[in-house]
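Heads up: the structure comes next, in structure tokens.
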Amino acid sequence: MNNDRINEADDFSQDPARDAMLGALLREARLRERIAVASRRHAIRLVETPWYDLVARYGRAAVPIGIAAALIAAVVLNRSVRSDAEYAAQAATASTDLRGAVAGGSRSAVTDAVLGPDSTEFLIAMAVDR
Amino acid sequence: MREPTRESAADAEETALVERARRGDPAAFDALVGRHLPGALVAAERLLGVRTDAEDLVQDAFLRALDRLAMLDPNRPFGPWFFTLLRNLGINQLRARRVRYTEPEKLDAASPDALPDEEMVRAEVRERFDAALAALTPRQREIVMLFEVEGWKGAEIAEHLGLTPENVRWHLHQAKKSLRVSLSSLRD
């Protein structure tokens, strides 16, 4: 029983004086322990964050970012479908047609060269060519 | 007069601790906490005025620092960065509570500006104190915490634990004796 050992000490009939330095060190030790436990829990939480937490956290930012990315992708893809060489070839053909029409002197031929023929036959002709 | 070589060695050691903590080494983060905790507590208590609030603020600040450690420029020291973070968090808390306050002093001044030698002594004492605390029985530990930290009286602890007040004081005596041994070099 501890009561036997009480007799060894000087005086246990009243509380000892508090030790400010000991108290401060004990407080620090307790806080260090608290922070160590909390930091480990925190690290585990960061590793184990489920997908729905990430969605909840970053979902609002993801929508405009997604839209912007889709627009950029559309522009880039459209440019890559028609290359610069194709644009140049098309422009060269158009200017040759126009020069020919102007040299021929026919007003309707010039109009056709600039705006396209005034009928739907050219569509059929294009389809047959292909 | 400071010896630049030792100071830079201490800085290099801290940089290494930050790097290890950044890679997820919990012991390195604990060491950073141990180094800056005393100054952080002084700063937080000066800012908030209440000990328990200060402890919560310090804990929040360290967790926030852990979160943002990756953003810390490796060429910048941890201490001033951490104390700025602590100060900002504390001011936010004060604003949230809508408590009127005067502009706090620069908290960097409250950071532990210890010389490398002092820091080494502190770290050693801290280590020995923690070991002595861990070596106490759970009952002794609880009693000494309740008495010295929480400010309970012996009779209150006795009632709480179902012991006699004399028995509590005996446990307290034993616990303090063990802990004081670890403090002896600090008191010299």
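Labels used: A, B, ... for chains in the order of the structure tokens, numbers from 1 for residues in each chain, and numbers from 1 for ligands as shown.
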- [ ] For Val33 in chain B, please output as a ChimeraX atom specification all residues within 12 Å (counting only C-alpha atoms; exclusion window: fewer than 5 positions along the same chain).
- [x] /A:28-29,31-36,39 /B:14,17-18,21,26-28,38-41,58-63,65-66,78-79,82,123,126
With N, CA and C atoms retained, could you export that selection as a short mmCIF file (atom, residue, chain, number, x, y, z; two decimals), in the first residue's frame?
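Final output, selection.cif:
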```
data_model
loop_
_atom_site.label_atom_id
_atom_site.label_comp_id
_atom_site.auth_asym_id
_atom_site.auth_seq_id
_atom_site.Cartn_x
_atom_site.Cartn_y
_atom_site.Cartn_z
N GLU A 28 4.12 22.39 -22.38
CA GLU A 28 4.76 22.25 -23.70
C GLU A 28 4.79 20.80 -24.15
N ALA A 29 5.13 19.92 -23.22
CA ALA A 29 5.21 18.49 -23.56
C ALA A 29 3.84 17.99 -24.01
N LEU A 31 1.39 19.77 -25.27
CA LEU A 31 1.04 20.36 -26.56
C LEU A 31 1.83 19.71 -27.70
N ARG A 32 3.10 19.43 -27.43
CA ARG A 32 3.92 18.74 -28.46
C ARG A 32 3.28 17.41 -28.83
N GLU A 33 2.83 16.71 -27.80
CA GLU A 33 2.20 15.40 -28.02
C GLU A 33 0.91 15.56 -28.83
N ARG A 34 0.11 16.56 -28.44
CA ARG A 34 -1.14 16.83 -29.15
C ARG A 34 -0.88 17.13 -30.62
N ILE A 35 0.13 17.96 -30.88
CA ILE A 35 0.44 18.34 -32.26
C ILE A 35 0.97 17.13 -33.03
N ALA A 36 1.78 16.32 -32.36
CA ALA A 36 2.32 15.12 -33.04
C ALA A 36 1.18 14.20 -33.46
N SER A 39 -0.85 15.92 -36.24
CA SER A 39 -0.16 15.99 -37.54
C SER A 39 -0.15 14.64 -38.23
N GLU B 14 18.16 22.96 -39.74
CA GLU B 14 16.73 23.24 -39.85
C GLU B 14 16.24 23.05 -41.29
N LEU B 17 15.74 19.53 -41.77
CA LEU B 17 14.52 19.06 -41.11
C LEU B 17 13.29 19.40 -41.96
N VAL B 18 13.28 20.61 -42.50
CA VAL B 18 12.15 21.03 -43.34
C VAL B 18 12.04 20.11 -44.55
N ALA B 21 10.69 16.79 -43.45
CA ALA B 21 9.26 16.91 -43.11
C ALA B 21 8.43 17.02 -44.37
N PRO B 26 7.61 12.17 -40.14
CA PRO B 26 6.94 12.78 -38.98
C PRO B 26 7.92 13.19 -37.88
N ALA B 27 9.03 12.45 -37.72
CA ALA B 27 10.00 12.79 -36.68
C ALA B 27 10.64 14.15 -36.97
N ALA B 28 10.87 14.43 -38.23
CA ALA B 28 11.47 15.72 -38.60
C ALA B 28 10.49 16.85 -38.28
N PRO B 38 8.12 26.75 -27.93
CA PRO B 38 8.13 27.73 -26.82
C PRO B 38 7.88 29.15 -27.31
N GLY B 39 8.55 29.55 -28.38
CA GLY B 39 8.35 30.90 -28.91
C GLY B 39 6.95 31.08 -29.45
N ALA B 40 6.42 30.03 -30.07
CA ALA B 40 5.07 30.11 -30.64
C ALA B 40 4.03 30.31 -29.53
N LEU B 41 4.24 29.63 -28.41
CA LEU B 41 3.30 29.76 -27.30
C LEU B 41 3.33 31.18 -26.72
N VAL B 58 -1.58 27.64 -31.66
CA VAL B 58 -0.26 27.07 -32.00
C VAL B 58 -0.45 25.74 -32.73
N GLN B 59 -1.36 24.92 -32.23
CA GLN B 59 -1.61 23.63 -32.89
C GLN B 59 -2.11 23.85 -34.32
N ASP B 60 -3.07 24.76 -34.48
CA ASP B 60 -3.60 25.06 -35.83
C ASP B 60 -2.48 25.54 -36.75
N ALA B 61 -1.63 26.41 -36.20
CA ALA B 61 -0.57 26.99 -37.03
C ALA B 61 0.41 25.91 -37.48
N PHE B 62 0.74 24.99 -36.59
CA PHE B 62 1.67 23.92 -36.99
C PHE B 62 1.03 23.01 -38.04
N LEU B 63 -0.25 22.73 -37.89
CA LEU B 63 -0.92 21.87 -38.88
C LEU B 63 -1.00 22.59 -40.24
N ALA B 65 1.08 24.83 -41.22
CA ALA B 65 2.45 24.84 -41.75
C ALA B 65 2.76 23.50 -42.43
N LEU B 66 2.30 22.43 -41.81
CA LEU B 66 2.52 21.09 -42.39
C LEU B 66 1.87 21.00 -43.77
N PHE B 78 12.55 28.51 -41.91
CA PHE B 78 11.22 28.08 -41.48
C PHE B 78 10.63 29.04 -40.43
N GLY B 79 11.48 29.48 -39.48
CA GLY B 79 11.00 30.25 -38.32
C GLY B 79 10.17 31.48 -38.69
N PHE B 82 6.96 30.59 -40.42
CA PHE B 82 5.97 30.00 -39.52
C PHE B 82 5.34 31.06 -38.61
N ALA B 123 17.15 21.54 -26.56
CA ALA B 123 16.71 20.32 -27.23
C ALA B 123 17.06 19.10 -26.37
N ARG B 126 14.76 19.03 -23.34
CA ARG B 126 13.42 18.65 -23.79
C ARG B 126 13.34 17.13 -24.00
#
```
Would you mind listing, for every residue of chain B within 6 Å of chain A, the two atoms forming the shortest contact and the distance between them in Å to one decimal, using only C-alpha atoms, sorted by chain and ascending residue number, as JSON lines?
```
{"residue": "B:Gln59", "atom": "CA", "partner": "A:Ile35", "partner_atom": "CA", "distance": 5.7}
{"residue": "B:Glu148", "atom": "CA", "partner": "A:Gly23", "partner_atom": "CA", "distance": 4.9}
{"residue": "B:Val149", "atom": "CA", "partner": "A:Gly23", "partner_atom": "CA", "distance": 5.4}
{"residue": "B:Gly154", "atom": "CA", "partner": "A:Asp15", "partner_atom": "CA", "distance": 6.0}
{"residue": "B:Glu166", "atom": "CA", "partner": "A:Phe12", "partner_atom": "CA", "distance": 5.3}
{"residue": "B:Arg169", "atom": "CA", "partner": "A:Phe12", "partner_atom": "CA", "distance": 5.7}
```
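Remark: for Asp53 in chain B, the closest of the candidate residues B:Arg23, B:Arg68, B:Leu32, B:Gln93 is B:Gln93 (distances computed over only C-alpha atoms).
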Quiz prompt | Of the listed residues B:Val42, B:Ala175, B:Val50, B:Leu89, that which approaches Leu136 in chain B most closely, counting only C-alpha atoms | solution =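 Checking each of B:Val42, B:Ala175, B:Val50, B:Leu89 against Leu136 in chain B, counting only C-alpha atoms, the winner is B:Ala175.
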Residue with the minimum atom-to-atom distance to Ala70 in chain B, picked from B:Ala9, B:Gly34, B:Arg22, B:Phe29 with only C-alpha atoms counted, is B:Arg22
Item to check | Residues flagged helix (DSSP H, G or I) by DSSP in chain B, as a ChimeraX atom specification | outcome: /B:4-22,26-48,51-71,78-96,107-110,116-135,138-149,154-161,165-187
